[in-house]
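Enquirer: Shown below is the structure under consideration.
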Amino acid sequence: MSEMFPLTLSNLSVRRRGKTVLGPIDLVIDQGGPMMVIGPNGSGKTTLLRVMHGIERISEGTATWAQSDQANHGYVFQSPVVLRRSVAENLSYPLQLINTPKPQIKTAVDHWIDRIGLTKVKDGSATRLSGGERQKLAIARALIRDPDVLFLDEPCSNLDGQSTREIEALLLATAAAGTRVIMATHDMGQARRLASGVLFVMGGRIIETGSAPDIFSAPKTAELKAFLKGDILI
Amino acid sequence: MNDIAQGLLAALHLIVTFDQELWEISLRSLQVSLTALIIASAIAMPFGTFLAVQRFKYRRLVISIINALMGLPPVVVGLIIYILLSRSGPFGVFGLLFTPWAMIIAQVVIITPIIASISHQAMRELWAEYHDLLISLNTSKWQRIKTLIWDGRRNLLTAGLAGFGRAIGEVGAIMIVGGNIDHATRVLTTAIALETGKGDFALALGLGFVLIGLALFVNMAIHWLSRTEREGRW
Ligand SMILES: Nc1ncnc2c1ncn2[C@@H]1O[C@H](COP(=O)(O)OP(=O)(O)O)[C@@H](O)[C@H]1O
Ligand SMILES: [Mg+2]
């Protein structure tokens, strides 16, 4: 699966209504551990993730995966999209789309539903789940095709401590199992707990990148220093 | 007041005595309107969904046309279909005029825009909810339409019921193209018009109550059917 990387963004810009929302960006992302995209609100984290995933229209430049023809990504949106179906059917949906054989679907669904602790409400409507349960369901649904990369957009922004801990554990296990986790967060504690690499975004530009220890203990740019000190409102 | 009481009595009498004629025209009403409903739904529901999902150049125009067609006066629809189906008309060779099929065609023309418009509205909301996820999962256009139709089936049912209510209560168009012929094209609404014309208000009212009862019965039956499969089963 490592053949998917590197992802190369070259001279990439996204403009909306005459305003540059992202870019210009030149960046190469190589294989590695969990990568946290940090930055203030409105800095372009969501747009950057969507560009990487290939669901945001690029105005200029390119985003190229080493093996785009085999792209197998999962994506978890900031406010989870829940299909108006049962919990189990939410999980089976991505597999049905690619015509996975039924017995295989059942095995995968049973596995994931157990992992996110929703076995009891398996056949209940997913729209009745709590915020934390919805988010876990969305993550499991994004993982059920066993993607090479999992993008998450501030998955814990509205969740309580317990759900956040569970999701972080799930993400660490996911990373350990070989799926690249790329995640936007504005919770610096969470970034420290999960990150192996960090991308710091501000004003649509990549201001600083590096390994987590470097970024958090030896930030180079004035912007990152200010952001980590809490001088930039998020 | 007295008239209404008499009407109720007349209706009761017709029902408990299994009045042959009442059964016949009630069944014909059901047959004609349910057939029209099925045909109109088969056209309008996928089309309304398609309009919600697909962007194309004249989409807004098409939507305005559908909304305008909702207001078509049934009498005019009847007249036009009469001309088209009459012996000298382009479809005269099929000999459909003054048959139940002519009435079905008229009702299809009247309720297709209604069902399409309500379906489109509902599907647009669902599409806004699902859009990001379905794009992210790399669904084909057809998979999107299928998903929306399936998950929005409750809303589509409402659209169908609105169409059915309009169809079974319609009188102007089917009077013209059906001719209200005894034992051939007489349905509840045209019979009511006839009895009112003859001055037999009790019988007309009786038929009216049967019509209302029938409409309510179909509504409840369909709702009940949808309730029994409420929770998604695995
Ligand atoms: N479709 C759009 N039209 C106009 N502005 C947009 C659009 N999408 C994003 N933006 C703007 O781009 C900036 C970056 O947004 P976003 O990527 O959501 O940032 P973040 O996720 O870091 O909060 C924001 O100022 C936002 O208002
Ligand atoms: Mg965001």
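Ligands are numbered from 1 in the order shown, residues from 1 within each chain, and chains are lettered A, B, ... in the order they appear in the structure tokens.
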Could you please extract the residues within 9 Å of ligand 2, counting only C-alpha atoms and all ligand atoms, and hand them back as a list in words?
Expert: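 So the residues close to ligand 2 are Asn41, Gly42, Ser43, Gly44, Lys45, Thr46, Thr47, Gln78, Asp153, Glu154, Ala184 and Thr185 of chain A.
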Enquirer: Write the residues of the selection above to a file with all heavy atoms, as an mmCIF file, in the first residue's frame.
Expert:
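Saved file part-v6.cif follows:
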data_model
loop_
_atom_site.group_PDB
_atom_site.id
_atom_site.type_symbol
_atom_site.label_atom_id
_atom_site.label_comp_id
_atom_site.auth_asym_id
_atom_site.auth_seq_id
_atom_site.Cartn_x
_atom_site.Cartn_y
_atom_site.Cartn_z
ATOM 1 N N ASN A 41 -8.924 28.581 12.701
ATOM 2 C CA ASN A 41 -10.165 28.429 11.941
ATOM 3 C C ASN A 41 -10.100 29.227 10.652
ATOM 4 O O ASN A 41 -9.597 30.338 10.631
ATOM 5 C CB ASN A 41 -11.350 28.949 12.765
ATOM 6 C CG ASN A 41 -12.184 27.810 13.297
ATOM 7 O OD1 ASN A 41 -12.221 26.737 12.694
ATOM 8 N ND2 ASN A 41 -12.823 28.019 14.414
ATOM 9 N N GLY A 42 -10.578 28.637 9.588
ATOM 10 C CA GLY A 42 -10.610 29.358 8.318
ATOM 11 C C GLY A 42 -9.261 29.420 7.630
ATOM 12 O O GLY A 42 -9.094 30.138 6.651
ATOM 13 N N SER A 43 -8.293 28.640 8.133
ATOM 14 C CA SER A 43 -6.946 28.726 7.555
ATOM 15 C C SER A 43 -6.815 27.877 6.289
ATOM 16 O O SER A 43 -5.880 28.043 5.527
ATOM 17 C CB SER A 43 -5.915 28.273 8.583
ATOM 18 O OG SER A 43 -6.195 26.953 9.004
ATOM 19 N N GLY A 44 -7.750 26.959 6.077
ATOM 20 C CA GLY A 44 -7.705 26.154 4.864
ATOM 21 C C GLY A 44 -7.501 24.675 5.103
ATOM 22 O O GLY A 44 -7.253 23.916 4.158
ATOM 23 N N LYS A 45 -7.636 24.217 6.344
ATOM 24 C CA LYS A 45 -7.417 22.794 6.666
ATOM 25 C C LYS A 45 -8.394 21.903 5.901
ATOM 26 O O LYS A 45 -7.999 20.927 5.250
ATOM 27 C CB LYS A 45 -7.582 22.552 8.178
ATOM 28 C CG LYS A 45 -6.651 23.359 9.051
ATOM 29 C CD LYS A 45 -6.795 22.999 10.523
ATOM 30 C CE LYS A 45 -8.141 23.394 11.123
ATOM 31 N NZ LYS A 45 -8.378 24.858 11.139
ATOM 32 N N THR A 46 -9.672 22.256 5.992
ATOM 33 C CA THR A 46 -10.689 21.451 5.313
ATOM 34 C C THR A 46 -10.443 21.420 3.809
ATOM 35 O O THR A 46 -10.471 20.350 3.181
ATOM 36 C CB THR A 46 -12.099 22.019 5.605
ATOM 37 O OG1 THR A 46 -12.332 21.932 7.008
ATOM 38 C CG2 THR A 46 -13.165 21.249 4.853
ATOM 39 N N THR A 47 -10.167 22.579 3.259
ATOM 40 C CA THR A 47 -9.945 22.655 1.813
ATOM 41 C C THR A 47 -8.740 21.806 1.415
ATOM 42 O O THR A 47 -8.788 21.088 0.412
ATOM 43 C CB THR A 47 -9.724 24.122 1.389
ATOM 44 O OG1 THR A 47 -10.761 24.923 1.973
ATOM 45 C CG2 THR A 47 -9.773 24.263 -0.115
ATOM 46 N N GLN A 78 -16.339 16.648 8.845
ATOM 47 C CA GLN A 78 -16.399 17.295 10.149
ATOM 48 C C GLN A 78 -17.725 17.015 10.870
ATOM 49 O O GLN A 78 -17.731 16.663 12.033
ATOM 50 C CB GLN A 78 -16.185 18.802 10.002
ATOM 51 C CG GLN A 78 -16.172 19.499 11.356
ATOM 52 C CD GLN A 78 -15.478 20.843 11.302
ATOM 53 O OE1 GLN A 78 -15.087 21.313 10.236
ATOM 54 N NE2 GLN A 78 -15.309 21.461 12.444
ATOM 55 N N ASP A 153 -11.586 15.135 9.239
ATOM 56 C CA ASP A 153 -11.670 16.579 9.396
ATOM 57 C C ASP A 153 -12.242 16.901 10.776
ATOM 58 O O ASP A 153 -13.445 16.798 10.992
ATOM 59 C CB ASP A 153 -12.554 17.169 8.286
ATOM 60 C CG ASP A 153 -12.429 18.679 8.213
ATOM 61 O OD1 ASP A 153 -11.717 19.261 9.059
ATOM 62 O OD2 ASP A 153 -13.035 19.272 7.295
ATOM 63 N N GLU A 154 -11.367 17.251 11.689
ATOM 64 C CA GLU A 154 -11.754 17.584 13.065
ATOM 65 C C GLU A 154 -12.816 16.628 13.612
ATOM 66 O O GLU A 154 -13.910 17.047 13.986
ATOM 67 C CB GLU A 154 -12.254 19.028 13.140
ATOM 68 C CG GLU A 154 -11.246 20.003 12.543
ATOM 69 C CD GLU A 154 -11.464 21.439 12.999
ATOM 70 O OE1 GLU A 154 -12.011 21.635 14.101
ATOM 71 O OE2 GLU A 154 -11.060 22.358 12.263
ATOM 72 N N ALA A 184 -7.187 16.756 10.287
ATOM 73 C CA ALA A 184 -7.195 18.156 10.719
ATOM 74 C C ALA A 184 -7.709 18.217 12.144
ATOM 75 O O ALA A 184 -8.642 17.505 12.507
ATOM 76 C CB ALA A 184 -8.110 18.976 9.804
ATOM 77 N N THR A 185 -7.076 19.040 12.938
ATOM 78 C CA THR A 185 -7.564 19.213 14.310
ATOM 79 C C THR A 185 -7.170 20.603 14.778
ATOM 80 O O THR A 185 -6.178 21.164 14.319
ATOM 81 C CB THR A 185 -6.982 18.151 15.265
ATOM 82 O OG1 THR A 185 -7.495 18.383 16.565
ATOM 83 C CG2 THR A 185 -5.464 18.184 15.301
#
Enquirer: Which residues are near ligand 1 in this structure, taking near to mean any atom at most 12 Å from a ligand atom and counting only C-alpha atoms and all ligand atoms? Format them as a ChimeraX atom specification.
Expert: /A:13-23,37-51,56-58,77-78,152-155,157,183-186,199-206,234
Enquirer: Mind listing as a list in words which residues of chain A are within 9 Å of chain B, counting only C-alpha atoms?
Expert: His53, Gly54, Ile55, His73, Gly74, Tyr75, Val76, Phe77, Pro80, Val81, Val82, Leu83, Arg84, Arg85, Ser86, Val87, Ala88, Glu89, Pro94, Leu97, Lys122, Asp123, Gly124, Ser125 and Ala142 of chain A
Enquirer: If I take atom CA of B:His120 and atom CA of B:Val108, how far is one from the other in Å, to one decimal?
Expert: 17.4 Å
Enquirer: Going by DSSP on the backbone, which residues of stretch 58-181 of chain A come out as strand (DSSP E)? List them as a list of chain:residue names.
Expert: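 Written out, the strand (DSSP E) residues of stretch 58-181 of chain A are A:Glu60, A:Gly61, A:Thr62, A:Ala63, A:Thr64, A:Trp65, A:His73, A:Gly74, A:Tyr75, A:Val76, A:Val149, A:Leu150, A:Phe151, A:Leu152, A:Asp153, A:Arg180, A:Val181.
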Enquirer: Pull C-alpha atoms from the residues just selected and write them as a tab-separated table (two decimals), in the first residue's frame.
Expert:
chain	number	residue	atom	x	y	z
A	60	GLU	CA	-4.35	26.02	-10.49
A	61	GLY	CA	-1.54	23.49	-10.17
A	62	THR	CA	-1.79	19.78	-9.50
A	63	ALA	CA	-2.19	17.22	-6.76
A	64	THR	CA	-0.71	13.90	-7.83
A	65	TRP	CA	-0.64	10.57	-6.07
A	73	HIS	CA	-9.14	6.64	0.51
A	74	GLY	CA	-11.49	6.93	3.42
A	75	TYR	CA	-12.80	10.35	4.41
A	76	VAL	CA	-14.57	11.42	7.58
A	149	VAL	CA	-5.22	6.62	3.61
A	150	LEU	CA	-7.82	7.85	6.06
A	151	PHE	CA	-8.62	11.56	6.11
A	152	LEU	CA	-10.44	13.01	9.08
A	153	ASP	CA	-11.67	16.58	9.40
A	180	ARG	CA	-2.00	6.45	6.80
A	181	VAL	CA	-3.98	8.83	8.99
Enquirer: A:Leu143: which residues within 12 Å, counting only C-alpha atoms, same-chain residues fewer than 3 positions away excluded, as a CSV table (one decimal) with all heavy atoms, in the first residue's frame?
Expert:
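Everything below was put into selection.csv:
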chain,number,residue,atom,x,y,z
A,72,ASN,N,-7.4,4.4,-2.8
A,72,ASN,CA,-8.3,3.8,-1.9
A,72,ASN,C,-8.2,4.7,-0.6
A,72,ASN,O,-7.4,4.5,0.2
A,72,ASN,CB,-7.9,2.4,-1.6
A,72,ASN,CG,-9.0,1.7,-0.7
A,72,ASN,OD1,-10.0,2.3,-0.3
A,72,ASN,ND2,-8.7,0.5,-0.3
A,73,HIS,N,-9.1,5.7,-0.6
A,73,HIS,CA,-9.1,6.6,0.5
A,73,HIS,C,-10.4,6.5,1.3
A,73,HIS,O,-11.5,6.2,0.8
A,73,HIS,CB,-9.2,8.1,0.0
A,73,HIS,CG,-8.1,8.5,-0.9
A,73,HIS,ND1,-8.0,9.7,-1.5
A,73,HIS,CD2,-6.9,7.9,-1.2
A,73,HIS,CE1,-6.9,9.8,-2.2
A,73,HIS,NE2,-6.2,8.7,-2.0
A,74,GLY,N,-10.3,6.7,2.6
A,74,GLY,CA,-11.5,6.9,3.4
A,74,GLY,C,-11.5,8.4,3.8
A,74,GLY,O,-10.5,9.0,4.0
A,75,TYR,N,-12.7,8.9,4.0
A,75,TYR,CA,-12.8,10.4,4.4
A,75,TYR,C,-13.9,10.5,5.4
A,75,TYR,O,-15.0,10.0,5.3
A,75,TYR,CB,-13.1,11.2,3.2
A,75,TYR,CG,-12.8,12.7,3.4
A,75,TYR,CD1,-11.7,13.3,2.9
A,75,TYR,CD2,-13.7,13.5,4.2
A,75,TYR,CE1,-11.5,14.7,3.1
A,75,TYR,CE2,-13.5,14.8,4.4
A,75,TYR,CZ,-12.3,15.4,3.9
A,75,TYR,OH,-12.1,16.8,4.1
A,76,VAL,N,-13.6,11.2,6.5
A,76,VAL,CA,-14.6,11.4,7.6
A,76,VAL,C,-14.8,12.9,7.7
A,76,VAL,O,-13.9,13.7,7.9
A,76,VAL,CB,-14.1,10.9,8.9
A,76,VAL,CG1,-15.1,11.2,10.0
A,76,VAL,CG2,-13.9,9.3,8.8
A,91,LEU,N,-22.7,0.6,7.5
A,91,LEU,CA,-21.4,0.0,7.3
A,91,LEU,C,-21.2,-0.8,6.0
A,91,LEU,O,-20.2,-0.8,5.4
A,91,LEU,CB,-21.1,-0.8,8.5
A,91,LEU,CG,-20.8,-0.1,9.8
A,91,LEU,CD1,-20.7,-1.1,11.0
A,91,LEU,CD2,-19.5,0.7,9.7
A,92,SER,N,-22.3,-1.4,5.7
A,92,SER,CA,-22.2,-2.3,4.5
A,92,SER,C,-22.2,-1.5,3.2
A,92,SER,O,-21.7,-1.9,2.1
A,92,SER,CB,-23.3,-3.3,4.4
A,92,SER,OG,-24.6,-2.7,4.4
A,93,TYR,N,-22.7,-0.3,3.3
A,93,TYR,CA,-22.9,0.5,2.1
A,93,TYR,C,-21.7,0.7,1.2
A,93,TYR,O,-21.8,0.4,0.0
A,93,TYR,CB,-23.5,1.9,2.4
A,93,TYR,CG,-23.8,2.8,1.3
A,93,TYR,CD1,-24.9,2.5,0.4
A,93,TYR,CD2,-23.0,3.9,1.0
A,93,TYR,CE1,-25.2,3.3,-0.7
A,93,TYR,CE2,-23.3,4.7,-0.1
A,93,TYR,CZ,-24.4,4.4,-0.9
A,93,TYR,OH,-24.7,5.2,-2.0
A,94,PRO,N,-20.5,1.1,1.7
A,94,PRO,CA,-19.4,1.3,0.8
A,94,PRO,C,-18.9,0.0,0.1
A,94,PRO,O,-18.4,0.0,-1.0
A,94,PRO,CB,-18.3,1.8,1.8
A,94,PRO,CG,-19.0,2.3,3.0
A,94,PRO,CD,-20.2,1.5,3.1
A,95,LEU,N,-19.2,-1.2,0.8
A,95,LEU,CA,-18.8,-2.4,0.2
A,95,LEU,C,-19.8,-2.9,-0.8
A,95,LEU,O,-19.4,-3.4,-1.9
A,95,LEU,CB,-18.7,-3.5,1.3
A,95,LEU,CG,-17.6,-3.3,2.4
A,95,LEU,CD1,-17.6,-4.4,3.4
A,95,LEU,CD2,-16.2,-3.3,1.7
A,108,ALA,N,-17.2,-8.3,7.5
A,108,ALA,CA,-16.6,-7.0,7.8
A,108,ALA,C,-17.5,-6.2,8.7
A,108,ALA,O,-17.0,-5.5,9.6
A,108,ALA,CB,-16.4,-6.3,6.5
A,109,VAL,N,-18.8,-6.2,8.4
A,109,VAL,CA,-19.8,-5.4,9.2
A,109,VAL,C,-19.8,-5.9,10.7
A,109,VAL,O,-19.7,-5.0,11.6
A,109,VAL,CB,-21.2,-5.5,8.6
A,109,VAL,CG1,-22.2,-4.9,9.6
A,109,VAL,CG2,-21.2,-4.7,7.3
A,111,HIS,N,-17.4,-7.4,12.3
A,111,HIS,CA,-16.1,-7.0,12.9
A,111,HIS,C,-16.1,-5.5,13.3
A,111,HIS,O,-15.8,-5.2,14.4
A,111,HIS,CB,-15.0,-7.2,11.9
A,111,HIS,CG,-13.7,-6.6,12.2
A,111,HIS,ND1,-12.9,-7.1,13.2
A,111,HIS,CD2,-13.1,-5.4,11.8
A,111,HIS,CE1,-11.8,-6.3,13.3
A,111,HIS,NE2,-12.0,-5.3,12.5
A,112,TRP,N,-16.6,-4.6,12.4
A,112,TRP,CA,-16.5,-3.2,12.7
A,112,TRP,C,-17.5,-2.7,13.7
A,112,TRP,O,-17.3,-1.9,14.5
A,112,TRP,CB,-16.6,-2.4,11.4
A,112,TRP,CG,-15.2,-2.3,10.7
A,112,TRP,CD1,-14.9,-3.0,9.6
A,112,TRP,CD2,-14.1,-1.6,11.2
A,112,TRP,NE1,-13.6,-2.8,9.3
A,112,TRP,CE2,-13.1,-1.9,10.2
A,112,TRP,CE3,-13.8,-0.8,12.2
A,112,TRP,CZ2,-11.8,-1.4,10.4
A,112,TRP,CZ3,-12.6,-0.2,12.3
A,112,TRP,CH2,-11.6,-0.5,11.4
A,113,ILE,N,-18.7,-3.4,13.6
A,113,ILE,CA,-19.7,-3.0,14.5
A,113,ILE,C,-19.4,-3.3,16.0
A,113,ILE,O,-19.7,-2.6,16.9
A,113,ILE,CB,-21.1,-3.6,14.1
A,113,ILE,CG1,-22.2,-2.6,14.2
A,113,ILE,CG2,-21.4,-4.9,14.9
A,113,ILE,CD1,-23.3,-3.0,13.3
A,115,ARG,N,-16.2,-3.5,16.9
A,115,ARG,CA,-15.1,-2.6,17.3
A,115,ARG,C,-15.5,-1.3,17.8
A,115,ARG,O,-14.8,-0.6,18.6
A,115,ARG,CB,-14.1,-2.5,16.1
A,115,ARG,CG,-12.9,-3.4,16.2
A,115,ARG,CD,-11.9,-3.1,15.2
A,115,ARG,NE,-10.9,-2.1,15.6
A,115,ARG,CZ,-9.8,-1.9,14.9
A,115,ARG,NH1,-9.6,-2.5,13.8
A,115,ARG,NH2,-9.0,-1.0,15.4
A,116,ILE,N,-16.6,-0.8,17.2
A,116,ILE,CA,-17.1,0.6,17.7
A,116,ILE,C,-18.2,0.4,18.7
A,116,ILE,O,-18.8,1.4,19.1
A,116,ILE,CB,-17.5,1.4,16.5
A,116,ILE,CG1,-18.7,0.7,15.7
A,116,ILE,CG2,-16.4,1.8,15.6
A,116,ILE,CD1,-19.2,1.6,14.6
A,136,LYS,N,-18.1,7.7,15.3
A,136,LYS,CA,-17.4,6.3,15.3
A,136,LYS,C,-17.9,5.5,14.1
A,136,LYS,O,-17.2,4.9,13.4
A,136,LYS,CB,-17.7,5.6,16.6
A,136,LYS,CG,-16.7,6.0,17.7
A,136,LYS,CD,-16.9,5.2,19.0
A,136,LYS,CE,-18.0,5.7,19.8
A,136,LYS,NZ,-18.1,4.9,21.1
A,137,LEU,N,-19.2,5.6,13.9
A,137,LEU,CA,-19.8,4.9,12.7
A,137,LEU,C,-19.2,5.4,11.4
A,137,LEU,O,-18.8,4.7,10.5
A,137,LEU,CB,-21.3,5.1,12.7
A,137,LEU,CG,-22.1,4.5,11.6
A,137,LEU,CD1,-21.9,2.9,11.6
A,137,LEU,CD2,-23.6,4.8,11.6
A,138,ALA,N,-19.1,6.8,11.3
A,138,ALA,CA,-18.5,7.4,10.1
A,138,ALA,C,-17.1,6.9,9.9
A,138,ALA,O,-16.6,6.6,8.8
A,138,ALA,CB,-18.6,8.9,10.2
A,139,ILE,N,-16.3,6.8,11.0
A,139,ILE,CA,-14.9,6.3,10.9
A,139,ILE,C,-14.9,4.9,10.5
A,139,ILE,O,-14.1,4.5,9.6
A,139,ILE,CB,-14.2,6.6,12.2
A,139,ILE,CG1,-14.1,8.1,12.5
A,139,ILE,CG2,-12.8,5.9,12.2
A,139,ILE,CD1,-13.5,8.4,13.9
A,140,ALA,N,-15.7,4.1,11.1
A,140,ALA,CA,-15.7,2.6,10.8
A,140,ALA,C,-16.1,2.5,9.3
A,140,ALA,O,-15.6,1.6,8.5
A,140,ALA,CB,-16.7,1.9,11.7
A,146,ASP,N,-10.9,-0.9,4.0
A,146,ASP,CA,-9.4,-1.0,4.3
A,146,ASP,C,-8.6,-0.1,3.4
A,146,ASP,O,-7.7,-0.5,2.7
A,146,ASP,CB,-9.0,-2.5,4.1
A,146,ASP,CG,-7.6,-2.7,4.7
A,146,ASP,OD1,-7.3,-2.0,5.6
A,146,ASP,OD2,-7.0,-3.7,4.3
A,147,PRO,N,-8.8,1.2,3.6
A,147,PRO,CA,-8.1,2.2,2.8
A,147,PRO,C,-6.6,2.3,3.1
A,147,PRO,O,-6.2,2.0,4.2
A,147,PRO,CB,-8.9,3.5,3.1
A,147,PRO,CG,-9.3,3.3,4.5
A,147,PRO,CD,-9.7,1.9,4.7
A,148,ASP,N,-5.9,2.8,2.1
A,148,ASP,CA,-4.5,3.1,2.3
A,148,ASP,C,-4.3,4.4,3.1
A,148,ASP,O,-3.4,4.6,3.9
A,148,ASP,CB,-3.8,3.3,1.0
A,148,ASP,CG,-3.9,2.0,0.2
A,148,ASP,OD1,-3.8,0.9,0.8
A,148,ASP,OD2,-4.1,2.1,-1.1
A,149,VAL,N,-5.3,5.3,2.9
A,149,VAL,CA,-5.2,6.6,3.6
A,149,VAL,C,-6.6,6.9,4.2
A,149,VAL,O,-7.6,6.7,3.6
A,149,VAL,CB,-4.9,7.8,2.6
A,149,VAL,CG1,-4.5,9.0,3.4
A,149,VAL,CG2,-3.8,7.4,1.7
A,150,LEU,N,-6.6,7.4,5.4
A,150,LEU,CA,-7.8,7.8,6.1
A,150,LEU,C,-7.7,9.3,6.4
A,150,LEU,O,-6.8,9.7,7.2
A,150,LEU,CB,-8.1,7.0,7.3
A,150,LEU,CG,-9.3,7.5,8.2
A,150,LEU,CD1,-10.6,7.2,7.4
A,150,LEU,CD2,-9.3,6.8,9.5
A,151,PHE,N,-8.6,10.1,5.8
A,151,PHE,CA,-8.6,11.6,6.1
A,151,PHE,C,-9.7,11.8,7.1
A,151,PHE,O,-10.8,11.2,7.0
A,151,PHE,CB,-9.0,12.4,4.9
A,151,PHE,CG,-7.9,12.3,3.8
A,151,PHE,CD1,-8.2,11.5,2.7
A,151,PHE,CD2,-6.8,13.1,3.8
A,151,PHE,CE1,-7.2,11.4,1.7
A,151,PHE,CE2,-5.8,13.0,2.8
A,151,PHE,CZ,-6.1,12.1,1.7
A,152,LEU,N,-9.4,12.6,8.1
A,152,LEU,CA,-10.4,13.0,9.1
A,152,LEU,C,-10.4,14.5,9.3
A,152,LEU,O,-9.3,15.1,9.5
A,152,LEU,CB,-10.2,12.3,10.4
A,152,LEU,CG,-10.1,10.8,10.4
A,152,LEU,CD1,-8.7,10.3,10.6
A,152,LEU,CD2,-11.0,10.2,11.5
A,170,LEU,N,-8.8,4.3,18.5
A,170,LEU,CA,-9.1,3.6,17.2
A,170,LEU,C,-8.2,4.1,16.1
A,170,LEU,O,-7.7,3.3,15.3
A,170,LEU,CB,-10.6,3.9,16.8
A,170,LEU,CG,-11.1,3.4,15.5
A,170,LEU,CD1,-11.1,1.9,15.5
A,170,LEU,CD2,-12.6,3.8,15.3
A,171,LEU,N,-7.9,5.4,16.1
A,171,LEU,CA,-7.0,6.0,15.1
A,171,LEU,C,-5.6,5.5,15.2
A,171,LEU,O,-4.9,5.2,14.2
A,171,LEU,CB,-7.1,7.5,15.1
A,171,LEU,CG,-8.4,8.1,14.7
A,171,LEU,CD1,-8.4,9.6,14.8
A,171,LEU,CD2,-8.8,7.6,13.3
A,173,ALA,N,-4.7,2.6,16.5
A,173,ALA,CA,-4.7,1.2,16.0
A,173,ALA,C,-4.8,1.1,14.5
A,173,ALA,O,-4.1,0.3,13.9
A,173,ALA,CB,-5.9,0.5,16.6
A,174,THR,N,-5.5,2.0,13.9
A,174,THR,CA,-5.6,2.1,12.4
A,174,THR,C,-4.3,2.4,11.8
A,174,THR,O,-3.8,1.7,10.9
A,174,THR,CB,-6.6,3.2,12.0
A,174,THR,OG1,-7.9,2.9,12.6
A,174,THR,CG2,-6.7,3.3,10.5
A,175,ALA,N,-3.6,3.4,12.4
A,175,ALA,CA,-2.3,3.7,11.9
A,175,ALA,C,-1.3,2.5,12.1
A,175,ALA,O,-0.5,2.2,11.2
A,175,ALA,CB,-1.7,5.0,12.6
A,177,ALA,N,-2.0,-0.5,12.0
A,177,ALA,CA,-2.4,-1.5,11.1
A,177,ALA,C,-2.0,-1.2,9.6
A,177,ALA,O,-2.2,-1.9,8.7
A,177,ALA,CB,-3.8,-1.8,11.2
A,178,GLY,N,-1.4,0.0,9.5
A,178,GLY,CA,-0.8,0.4,8.2
A,178,GLY,C,-1.6,1.3,7.3
A,178,GLY,O,-1.3,1.6,6.2
A,179,THR,N,-2.7,1.9,7.9
A,179,THR,CA,-3.4,3.0,7.1
A,179,THR,C,-2.9,4.3,7.5
A,179,THR,O,-2.7,4.6,8.7
A,179,THR,CB,-4.9,2.9,7.5
A,179,THR,OG1,-5.5,1.7,7.0
A,179,THR,CG2,-5.7,4.0,6.8
A,180,ARG,N,-2.5,5.1,6.5
A,180,ARG,CA,-2.0,6.4,6.8
A,180,ARG,C,-3.1,7.3,7.3
A,180,ARG,O,-4.1,7.5,6.6
A,180,ARG,CB,-1.4,7.0,5.5
A,180,ARG,CG,-0.8,8.4,5.7
A,180,ARG,CD,0.6,8.2,6.4
A,180,ARG,NE,1.2,9.5,6.8
A,180,ARG,CZ,1.9,10.2,6.0
A,180,ARG,NH1,2.1,9.9,4.7
A,180,ARG,NH2,2.5,11.3,6.5
A,181,VAL,N,-3.0,7.9,8.4
A,181,VAL,CA,-4.0,8.8,9.0
A,181,VAL,C,-3.6,10.3,8.7
A,181,VAL,O,-2.5,10.7,9.1
A,181,VAL,CB,-4.2,8.6,10.5
A,181,VAL,CG1,-5.1,9.7,11.1
A,181,VAL,CG2,-4.7,7.2,10.8
B,137,LEU,N,-17.2,8.6,-1.7
B,137,LEU,CA,-17.2,7.1,-2.0
B,137,LEU,C,-17.1,6.8,-3.5
B,137,LEU,O,-17.2,5.6,-3.8
B,137,LEU,CB,-18.5,6.5,-1.3
B,137,LEU,CG,-18.4,6.4,0.2
B,137,LEU,CD1,-19.8,5.9,0.7
B,137,LEU,CD2,-17.3,5.5,0.7
Enquirer: What are the closest atom pairs, with distances in Å to one decimal, for each residue of stretch 198-218 of chain B lying within 10 Å of stretch 28-47 of chain B, using only C-alpha atoms, rows by chain and rising residue number, as CSV?
Expert:
residue,atom,partner,partner_atom,distance
B:Leu211,CA,B:Ser29,CA,8.9
B:Leu214,CA,B:Leu30,CA,8.3
B:Ala215,CA,B:Leu30,CA,9.1
B:Val218,CA,B:Leu30,CA,9.2
Enquirer: Next, dump the selected residues to file, keeping only N, CA, C and O atoms, as a PDB file, in the first residue's frame.
Expert:
ATOM      1  N   LEU B 211     -66.033   7.742  -1.676  1.00  0.00           N
ATOM      2  CA  LEU B 211     -64.796   8.249  -2.286  1.00  0.00           C
ATOM      3  C   LEU B 211     -63.794   8.686  -1.212  1.00  0.00           C
ATOM      4  O   LEU B 211     -62.615   8.317  -1.246  1.00  0.00           O
ATOM      5  N   LEU B 214     -62.458   5.689   0.588  1.00  0.00           N
ATOM      6  CA  LEU B 214     -61.508   4.957  -0.244  1.00  0.00           C
ATOM      7  C   LEU B 214     -60.136   5.642  -0.223  1.00  0.00           C
ATOM      8  O   LEU B 214     -59.097   4.994  -0.051  1.00  0.00           O
ATOM      9  N   ALA B 215     -60.151   6.965  -0.379  1.00  0.00           N
ATOM     10  CA  ALA B 215     -58.894   7.721  -0.375  1.00  0.00           C
ATOM     11  C   ALA B 215     -58.183   7.550   0.960  1.00  0.00           C
ATOM     12  O   ALA B 215     -56.974   7.306   1.021  1.00  0.00           O
ATOM     13  N   VAL B 218     -56.717   3.961   1.266  1.00  0.00           N
ATOM     14  CA  VAL B 218     -55.480   3.754   0.514  1.00  0.00           C
ATOM     15  C   VAL B 218     -54.310   4.446   1.226  1.00  0.00           C
ATOM     16  O   VAL B 218     -53.226   3.875   1.383  1.00  0.00           O
TER      17      VAL B 218
END
Enquirer: Enumerate, as a PyMOL selection string, the complete set of residues in chain B that a backbone-based DSSP assignment places in alpha helix (DSSP H).
Expert: chain B and resi 2-16+20-53+59-69+74-85+100-136+141-151+153-168+172-178+188-198+201-228
